[in-house]
Each structure stands twice: as structure tokens, then as C-alpha cells.
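model-v8.csv (CSV, N, CA and C atoms) appears below.
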```
chain,number,residue,atom,x,y,z
A,303,MET,N,6.2,-5.2,-19.8
A,303,MET,CA,4.9,-5.6,-19.2
A,303,MET,C,3.8,-5.4,-20.3
A,304,GLU,N,2.9,-6.3,-20.3
A,304,GLU,CA,1.9,-6.2,-21.3
A,304,GLU,C,0.6,-5.5,-20.8
A,305,SER,N,0.6,-5.2,-19.5
A,305,SER,CA,-0.6,-4.6,-18.9
A,305,SER,C,-0.2,-3.3,-18.2
A,306,ASP,N,-1.2,-2.5,-18.0
A,306,ASP,CA,-1.0,-1.3,-17.2
A,306,ASP,C,-1.1,-1.6,-15.7
A,307,LEU,N,-1.3,-2.8,-15.3
A,307,LEU,CA,-1.4,-3.3,-13.9
A,307,LEU,C,-0.3,-4.3,-13.7
A,308,TYR,N,0.2,-4.3,-12.4
A,308,TYR,CA,1.2,-5.3,-12.0
A,308,TYR,C,0.8,-5.7,-10.6
A,309,ASN,N,0.8,-7.0,-10.3
A,309,ASN,CA,0.5,-7.5,-9.0
A,309,ASN,C,1.8,-7.8,-8.2
A,310,TRP,N,1.9,-7.2,-7.1
A,310,TRP,CA,3.0,-7.4,-6.1
A,310,TRP,C,2.5,-8.2,-4.9
A,311,THR,N,3.2,-9.3,-4.6
A,311,THR,CA,2.8,-10.1,-3.4
A,311,THR,C,3.6,-9.7,-2.2
A,312,GLY,N,3.0,-9.5,-1.1
A,312,GLY,CA,3.7,-9.1,0.1
A,312,GLY,C,4.0,-10.3,0.9
A,313,ALA,N,4.7,-10.1,2.0
A,313,ALA,CA,5.1,-11.1,3.0
A,313,ALA,C,3.9,-11.9,3.5
A,314,SER,N,2.8,-11.2,3.6
A,314,SER,CA,1.6,-11.7,4.2
A,314,SER,C,0.9,-12.7,3.2
A,315,GLY,N,1.4,-12.7,2.0
A,315,GLY,CA,0.8,-13.5,0.9
A,315,GLY,C,-0.3,-12.7,0.2
A,316,ARG,N,-0.6,-11.5,0.7
A,316,ARG,CA,-1.6,-10.7,0.1
A,316,ARG,C,-1.1,-10.1,-1.2
A,317,ILE,N,-2.0,-10.0,-2.3
A,317,ILE,CA,-1.6,-9.5,-3.6
A,317,ILE,C,-2.1,-8.0,-3.6
A,318,HIS,N,-1.1,-7.1,-4.0
A,318,HIS,CA,-1.4,-5.7,-4.1
A,318,HIS,C,-1.3,-5.3,-5.6
A,319,GLU,N,-2.3,-4.7,-6.1
A,319,GLU,CA,-2.4,-4.4,-7.5
A,319,GLU,C,-2.0,-2.9,-7.7
A,320,PHE,N,-1.0,-2.7,-8.5
A,320,PHE,CA,-0.4,-1.4,-8.8
A,320,PHE,C,-0.5,-1.0,-10.2
A,321,TRP,N,-0.8,0.3,-10.5
A,321,TRP,CA,-0.7,0.8,-11.8
A,321,TRP,C,0.7,1.1,-12.2
A,322,VAL,N,1.0,0.8,-13.5
A,322,VAL,CA,2.4,1.0,-14.0
A,322,VAL,C,2.5,2.3,-14.8
A,323,TYR,N,3.5,3.1,-14.5
A,323,TYR,CA,3.7,4.3,-15.2
A,323,TYR,C,5.2,4.5,-15.6
A,324,ARG,N,5.4,5.4,-16.6
A,324,ARG,CA,6.8,5.8,-16.9
A,324,ARG,C,7.4,6.5,-15.7
A,325,LEU,N,8.7,6.4,-15.6
A,325,LEU,CA,9.3,7.0,-14.5
A,325,LEU,C,9.1,8.5,-14.4
A,326,ASN,N,9.0,9.2,-15.5
A,326,ASN,CA,8.8,10.7,-15.4
A,326,ASN,C,7.4,11.1,-15.4
A,327,GLN,N,6.4,10.2,-15.2
A,327,GLN,CA,5.0,10.5,-15.1
A,327,GLN,C,4.7,11.6,-14.1
A,328,LYS,N,3.8,12.6,-14.4
A,328,LYS,CA,3.4,13.6,-13.5
A,328,LYS,C,2.1,13.1,-12.9
A,329,PHE,N,1.9,13.3,-11.6
A,329,PHE,CA,0.7,12.9,-10.9
A,329,PHE,C,0.0,14.1,-10.2
A,330,ASP,N,-1.3,13.9,-9.9
A,330,ASP,CA,-2.1,14.8,-9.2
A,330,ASP,C,-1.7,14.7,-7.7
A,331,ALA,N,-2.2,15.6,-6.9
A,331,ALA,CA,-2.1,15.5,-5.4
A,331,ALA,C,-3.0,14.4,-4.9
A,332,MET,N,-2.5,13.3,-4.5
A,332,MET,CA,-3.3,12.2,-4.0
A,332,MET,C,-2.4,11.3,-3.1
A,333,GLY,N,-3.0,10.6,-2.2
A,333,GLY,CA,-2.3,9.7,-1.4
A,333,GLY,C,-2.1,8.4,-2.1
A,334,ALA,N,-0.9,7.8,-2.0
A,334,ALA,CA,-0.6,6.6,-2.7
A,334,ALA,C,0.7,5.9,-2.1
A,335,ILE,N,0.8,4.6,-2.4
A,335,ILE,CA,2.0,3.9,-2.2
A,335,ILE,C,2.7,3.9,-3.5
A,336,PHE,N,4.0,4.2,-3.5
A,336,PHE,CA,4.7,4.2,-4.8
A,336,PHE,C,5.9,3.3,-4.7
A,337,LEU,N,6.2,2.7,-5.9
A,337,LEU,CA,7.3,1.7,-6.0
A,337,LEU,C,8.2,2.2,-7.1
A,338,TYR,N,9.5,2.3,-6.9
A,338,TYR,CA,10.4,2.4,-8.0
A,338,TYR,C,10.8,1.0,-8.4
A,339,VAL,N,10.7,0.7,-9.7
A,339,VAL,CA,10.8,-0.7,-10.2
A,339,VAL,C,11.8,-0.7,-11.4
A,340,ARG,N,12.7,-1.7,-11.4
A,340,ARG,CA,13.6,-1.9,-12.5
A,340,ARG,C,13.0,-3.1,-13.3
A,341,ALA,N,12.5,-2.8,-14.5
A,341,ALA,CA,11.9,-3.8,-15.3
A,341,ALA,C,12.7,-3.9,-16.6
A,342,LEU,N,13.5,-5.0,-16.7
A,342,LEU,CA,14.3,-5.2,-17.9
A,342,LEU,C,13.6,-6.1,-18.9
A,343,SER,N,12.7,-6.9,-18.4
A,343,SER,CA,11.8,-7.7,-19.3
A,343,SER,C,10.6,-8.1,-18.5
A,344,VAL,N,9.6,-8.8,-19.1
A,344,VAL,CA,8.5,-9.2,-18.3
A,344,VAL,C,8.9,-10.2,-17.2
A,345,ASP,N,9.9,-11.0,-17.4
A,345,ASP,CA,10.4,-11.9,-16.4
A,345,ASP,C,11.5,-11.4,-15.5
A,346,ASP,N,12.0,-10.2,-15.8
A,346,ASP,CA,13.0,-9.7,-15.0
A,346,ASP,C,12.6,-8.3,-14.4
A,347,VAL,N,11.8,-8.4,-13.3
A,347,VAL,CA,11.3,-7.2,-12.7
A,347,VAL,C,11.7,-7.2,-11.2
A,348,SER,N,12.3,-6.1,-10.8
A,348,SER,CA,12.8,-6.0,-9.4
A,348,SER,C,12.3,-4.7,-8.7
A,349,LEU,N,11.9,-4.8,-7.5
A,349,LEU,CA,11.5,-3.7,-6.7
A,349,LEU,C,12.7,-3.1,-6.0
A,350,VAL,N,13.0,-1.8,-6.3
A,350,VAL,CA,14.2,-1.2,-5.8
A,350,VAL,C,13.9,-0.2,-4.6
A,351,TYR,N,12.6,0.3,-4.5
A,351,TYR,CA,12.3,1.2,-3.4
A,351,TYR,C,10.8,1.3,-3.3
A,352,VAL,N,10.4,1.3,-2.0
A,352,VAL,CA,9.0,1.4,-1.6
A,352,VAL,C,8.8,2.6,-0.7
A,353,ASN,N,7.7,3.4,-0.9
A,353,ASN,CA,7.4,4.5,0.0
A,353,ASN,C,5.9,4.8,-0.2
A,354,GLN,N,5.5,5.7,0.7
A,354,GLN,CA,4.1,6.2,0.6
A,354,GLN,C,4.1,7.7,0.8
A,355,THR,N,3.0,8.3,0.3
A,355,THR,CA,2.9,9.8,0.4
A,355,THR,C,1.5,10.3,0.4
A,356,ASN,N,1.3,11.4,1.0
A,356,ASN,CA,0.0,12.1,0.9
A,356,ASN,C,-0.1,12.9,-0.4
A,357,ARG,N,1.0,13.1,-1.1
A,357,ARG,CA,1.1,14.0,-2.3
A,357,ARG,C,1.9,13.4,-3.4
A,358,MET,N,1.3,12.6,-4.2
A,358,MET,CA,2.1,12.0,-5.4
A,358,MET,C,2.7,13.1,-6.3
A,359,ASP,N,2.1,14.3,-6.3
A,359,ASP,CA,2.5,15.4,-7.2
A,359,ASP,C,3.9,15.9,-6.7
A,360,LEU,N,4.3,15.6,-5.5
A,360,LEU,CA,5.5,16.2,-5.0
A,360,LEU,C,6.7,15.2,-4.8
A,361,VAL,N,6.4,13.9,-5.2
A,361,VAL,CA,7.4,12.8,-5.0
A,361,VAL,C,8.7,13.1,-5.7
A,362,ARG,N,8.6,13.6,-6.9
A,362,ARG,CA,9.9,13.8,-7.7
A,362,ARG,C,10.6,15.0,-7.2
A,363,GLN,N,10.0,15.9,-6.4
A,363,GLN,CA,10.7,17.0,-5.8
A,363,GLN,C,11.6,16.7,-4.6
A,364,ASN,N,11.4,15.5,-4.1
A,364,ASN,CA,12.1,15.0,-2.9
A,364,ASN,C,13.6,14.6,-3.4
A,365,PRO,N,14.6,15.1,-2.7
A,365,PRO,CA,16.0,14.7,-3.1
A,365,PRO,C,16.2,13.2,-3.0
A,366,ILE,N,15.5,12.5,-2.2
A,366,ILE,CA,15.7,11.0,-2.1
A,366,ILE,C,15.3,10.4,-3.4
A,367,ALA,N,14.3,10.9,-4.1
A,367,ALA,CA,13.9,10.3,-5.3
A,367,ALA,C,15.1,10.4,-6.3
A,368,ASP,N,15.8,11.5,-6.4
A,368,ASP,CA,16.9,11.6,-7.3
A,368,ASP,C,18.0,10.6,-6.9
A,369,GLU,N,18.2,10.5,-5.6
A,369,GLU,CA,19.3,9.5,-5.2
A,369,GLU,C,18.9,8.1,-5.6
A,370,ILE,N,17.7,7.7,-5.4
A,370,ILE,CA,17.2,6.3,-5.7
A,370,ILE,C,17.3,6.1,-7.2
A,371,ILE,N,16.9,7.1,-8.0
A,371,ILE,CA,16.9,6.9,-9.4
A,371,ILE,C,18.4,6.9,-9.9
A,372,SER,N,19.2,7.7,-9.4
A,372,SER,CA,20.6,7.7,-9.8
A,372,SER,C,21.3,6.4,-9.4
A,373,GLU,N,21.1,5.9,-8.2
A,373,GLU,CA,21.8,4.8,-7.7
A,373,GLU,C,21.3,3.4,-8.3
A,374,TYR,N,20.0,3.3,-8.3
A,374,TYR,CA,19.4,2.0,-8.6
A,374,TYR,C,18.8,1.9,-10.0
A,375,LYS,N,18.7,2.9,-10.8
A,375,LYS,CA,18.3,3.0,-12.2
A,375,LYS,C,16.9,2.3,-12.4
A,376,PRO,N,15.9,2.7,-11.6
A,376,PRO,CA,14.6,2.1,-11.9
A,376,PRO,C,14.1,2.6,-13.3
A,377,THR,N,13.2,1.8,-13.9
A,377,THR,CA,12.7,2.1,-15.2
A,377,THR,C,11.2,2.5,-15.2
A,378,GLN,N,10.5,2.2,-14.1
A,378,GLN,CA,9.1,2.5,-14.0
A,378,GLN,C,8.8,2.9,-12.5
A,379,ILE,N,7.6,3.5,-12.4
A,379,ILE,CA,7.0,3.8,-11.1
A,379,ILE,C,5.7,3.1,-11.1
A,380,HIS,N,5.4,2.4,-10.0
A,380,HIS,CA,4.1,1.7,-9.8
A,380,HIS,C,3.4,2.4,-8.6
A,381,ILE,N,2.1,2.6,-8.8
A,381,ILE,CA,1.4,3.3,-7.7
A,381,ILE,C,0.1,2.6,-7.4
A,382,LEU,N,-0.2,2.6,-6.1
A,382,LEU,CA,-1.5,2.1,-5.6
A,382,LEU,C,-2.1,3.3,-4.9
A,383,ILE,N,-3.2,3.9,-5.4
A,383,ILE,CA,-3.8,5.0,-4.8
A,383,ILE,C,-4.6,4.6,-3.6
A,384,ASN,N,-4.3,5.3,-2.5
A,384,ASN,CA,-5.0,5.0,-1.2
A,384,ASN,C,-4.9,6.2,-0.3
A,385,GLU,N,-5.9,6.8,0.1
A,385,GLU,CA,-5.9,8.0,0.9
A,385,GLU,C,-5.7,7.7,2.4
A,386,ASN,N,-5.8,6.4,2.8
A,386,ASN,CA,-5.7,6.1,4.2
A,386,ASN,C,-4.2,5.8,4.6
A,387,VAL,N,-3.6,6.7,5.4
A,387,VAL,CA,-2.2,6.6,5.7
A,387,VAL,C,-1.8,5.3,6.4
A,388,SER,N,-2.7,4.8,7.3
A,388,SER,CA,-2.3,3.6,8.1
A,388,SER,C,-2.4,2.4,7.1
A,389,GLU,N,-3.3,2.4,6.2
A,389,GLU,CA,-3.4,1.3,5.2
A,389,GLU,C,-2.1,1.3,4.3
A,390,ARG,N,-1.7,2.5,3.9
A,390,ARG,CA,-0.6,2.7,3.0
A,390,ARG,C,0.7,2.1,3.7
A,391,LYS,N,0.8,2.5,5.0
A,391,LYS,CA,2.0,2.0,5.8
A,391,LYS,C,2.0,0.5,5.9
A,392,GLY,N,0.8,-0.1,6.1
A,392,GLY,CA,0.7,-1.5,6.2
A,392,GLY,C,1.1,-2.2,4.9
A,393,VAL,N,0.7,-1.7,3.7
A,393,VAL,CA,1.1,-2.3,2.4
A,393,VAL,C,2.6,-2.1,2.2
A,394,MET,N,3.1,-0.9,2.6
A,394,MET,CA,4.5,-0.6,2.4
A,394,MET,C,5.3,-1.6,3.2
A,395,ALA,N,5.0,-1.8,4.5
A,395,ALA,CA,5.7,-2.8,5.3
A,395,ALA,C,5.6,-4.2,4.8
A,396,ASP,N,4.5,-4.6,4.3
A,396,ASP,CA,4.3,-5.9,3.7
A,396,ASP,C,5.2,-6.2,2.5
A,397,LEU,N,5.3,-5.2,1.7
A,397,LEU,CA,6.1,-5.3,0.5
A,397,LEU,C,7.6,-5.3,0.8
A,398,ILE,N,8.0,-4.4,1.7
A,398,ILE,CA,9.4,-4.3,2.1
A,398,ILE,C,9.9,-5.6,2.8
A,399,LEU,N,9.0,-6.1,3.6
A,399,LEU,CA,9.4,-7.4,4.3
A,399,LEU,C,9.6,-8.5,3.3
A,400,LYS,N,8.8,-8.6,2.3
A,400,LYS,CA,8.9,-9.7,1.3
A,400,LYS,C,10.1,-9.4,0.3
A,401,HIS,N,10.2,-8.2,-0.2
A,401,HIS,CA,11.1,-8.0,-1.3
A,401,HIS,C,12.5,-7.4,-0.9
A,402,ASN,N,12.6,-6.8,0.3
A,402,ASN,CA,13.8,-6.3,0.8
A,402,ASN,C,14.5,-5.4,-0.2
A,403,PRO,N,13.8,-4.3,-0.7
A,403,PRO,CA,14.4,-3.5,-1.8
A,403,PRO,C,15.7,-2.8,-1.3
A,404,LEU,N,16.6,-2.7,-2.2
A,404,LEU,CA,17.9,-2.1,-1.9
A,404,LEU,C,17.8,-0.7,-1.4
A,405,GLY,N,16.9,0.1,-2.0
A,405,GLY,CA,16.7,1.5,-1.7
A,405,GLY,C,16.1,1.7,-0.3
A,406,ASN,N,15.5,0.7,0.3
A,406,ASN,CA,14.9,0.8,1.6
A,406,ASN,C,15.8,0.3,2.7
A,407,LYS,N,17.0,-0.2,2.4
A,407,LYS,CA,17.9,-0.7,3.4
A,407,LYS,C,18.6,0.4,4.1
A,408,GLN,N,18.7,0.3,5.4
A,408,GLN,CA,19.3,1.4,6.2
A,408,GLN,C,20.8,1.2,6.2
A,409,SER,N,21.5,2.3,6.2
A,409,SER,CA,23.0,2.2,6.2
A,409,SER,C,23.5,1.9,7.6
```
When written as C-alpha cells, how does the structure in this file appear?
Amino acid sequence: MESDLYNWTGASGRIHEFWVYRLNQKFDAMGAIFLYVRALSVDDVSLVYVNQTNRMDLVRQNPIADEIISEYKPTQIHILINENVSERKGVMADLILKHNPLGNKQS
């Protein structure tokens, strides 16, 4: 990607702008929607997992993060900072409905 920003379109047609970071990036304690993304090239980008949290600084301490990284091999983490939990859940649902990420499928 040539930019530090990436636009993801949801099922609603709404565009959500996310910051792009290395997978091992450390974050402060903040509310955000985060995406694990596999980016092989500018034209080959896939969303593998979507979630939201009140504490981005604790995301990598969750065992689910290790499972997603091990199984789906994301190369980046994209975040949209938002302290409002209901807004985060709305964006999360919008993106999951459109992209159907493998990591969000229920067994």
C-alpha cells in the first residue's frame, strides 16, 4: 500500500477509513475497530478478521489474536479509532456483512 490509510467499504456502501500498521505494532489504551488484513500487493488485499475493543493495548494479549494470526497469516493490522462502543459495533457488523472474513465465521 502506498498510503498510511486504507478505505474499506461496508455492506451499507459506507466507506470506513482505517490507519494501516505493522502486525506487531504496539498501541495505547484506546477504543477502536481493528482488522487483521492479508496484503500481498496493492491489488491483493483481503480482510481476514474484524473486531472492536475498548483497549487496543491489550489486543495482542488475547489468545484469539494468536489463533487468527497463526491460521490466516495476516500481514497488517488496520485500525479505526472510535471511543463509542455502539458505533464500533455498527462499523464492525457493516464490514463483516460485506467481506465475510474467514476469522469471523462461526464453527
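Atom C of Glu389 of chain A sits 12.7 Å away from atom C of Asn356 of chain A.
Straight-line separation from atom CA of Leu349 of chain A to atom CA of Pro403 of chain A: 5.7 Å.
Look at Arg340 of chain A: the protein and nucleic acid residues within 6.5 Å of it, using all atoms listed in the file and passing over chain neighbours fewer than 2 places away, are A:Tyr338, A:Leu342, A:Ser343, A:Asp346, A:Val347, A:Ser348, A:Leu349, A:Val350, A:Lys375, A:Pro376, A:Thr377, A:Gln378.
Considering only C-alpha atoms, the residue among A:Met332, A:Lys391, A:Leu397, A:Leu360 positioned nearest to Gly315 of chain A is A:Leu397.
Closest approach to Ala313 of chain A among A:Met394, A:Asp359, A:Leu399, A:Leu382 is made by A:Leu399 (distances from all atoms listed in the file).
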Around segment 356-360 of chain A, fit a box with edges along x, y and z, padding it by 8 Å on each side, then list its centre and edge lengths in Å to one decimal as AutoDock Vina command-line options.
```
--center_x 3.3 --center_y 13.8 --center_z -3.1 --size_x 22.8 --size_y 20.8 --size_z 24.2
```
**OP:** Mind giving me the straight-line distance from atom CA of Ile379 of chain A to atom CA of Asp330 of chain A in Å, one decimal?
**Re:** 14.4 Å
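On the backbone of this structure, DSSP gives alpha helix (DSSP H) within chain A to Pro365, Ile366, Ala367, Asp368, Glu369, Ile370, Ile371, Ser372, Glu373, Tyr374, Val387, Ser388, Glu389, Arg390, Lys391, Gly392, Val393, Met394, Ala395, Asp396, Leu397, Ile398, Leu399, Lys400 and His401 of chain A.
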Subject >> chain A: residues DSSP assigns to strand (DSSP E or B), reported as a PyMOL selection string >> reply: chain A and resi 307-311+317-324+334-343+346-355+378-383
Original post:
Smallest atom-to-atom distance to Ser314 of chain A: which of A:Phe329, A:Thr355, A:Ala395, A:Leu337, using only N, CA and C atoms?
Top reply: A:Ala395
**OP:** Write out as a PyMOL selection string the residues lying within 6.5 Å of Ile383 of chain A, counting only N, CA and C atoms and excluding same-chain residues fewer than 4 positions away.
**Re:** chain A and resi 333-335
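Excluding Asp306 of chain A itself and same-chain residues fewer than 2 positions from it, the residues having an atom within 6 Å of it are Glu304, Tyr308, Phe320, Trp321 and Val322 of chain A, counting all atoms listed in the file.
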**OP:** Determine, counting all atoms listed in the file, which protein, DNA and RNA residues have an atom within 8 Å of an atom of Leu404 of chain A; residues of the same chain fewer than 2 positions away are not included. Present the result as a PyMOL selection string.
**Re:** chain A and resi 349-352+374+401-402+406-408
**OP:** Choose the residue, out of A:Arg357, A:Arg390, A:His380, A:His318, that has the smallest atom-to-atom separation from Ala331 of chain A; count only C-alpha atoms.
**Re:** A:Arg357
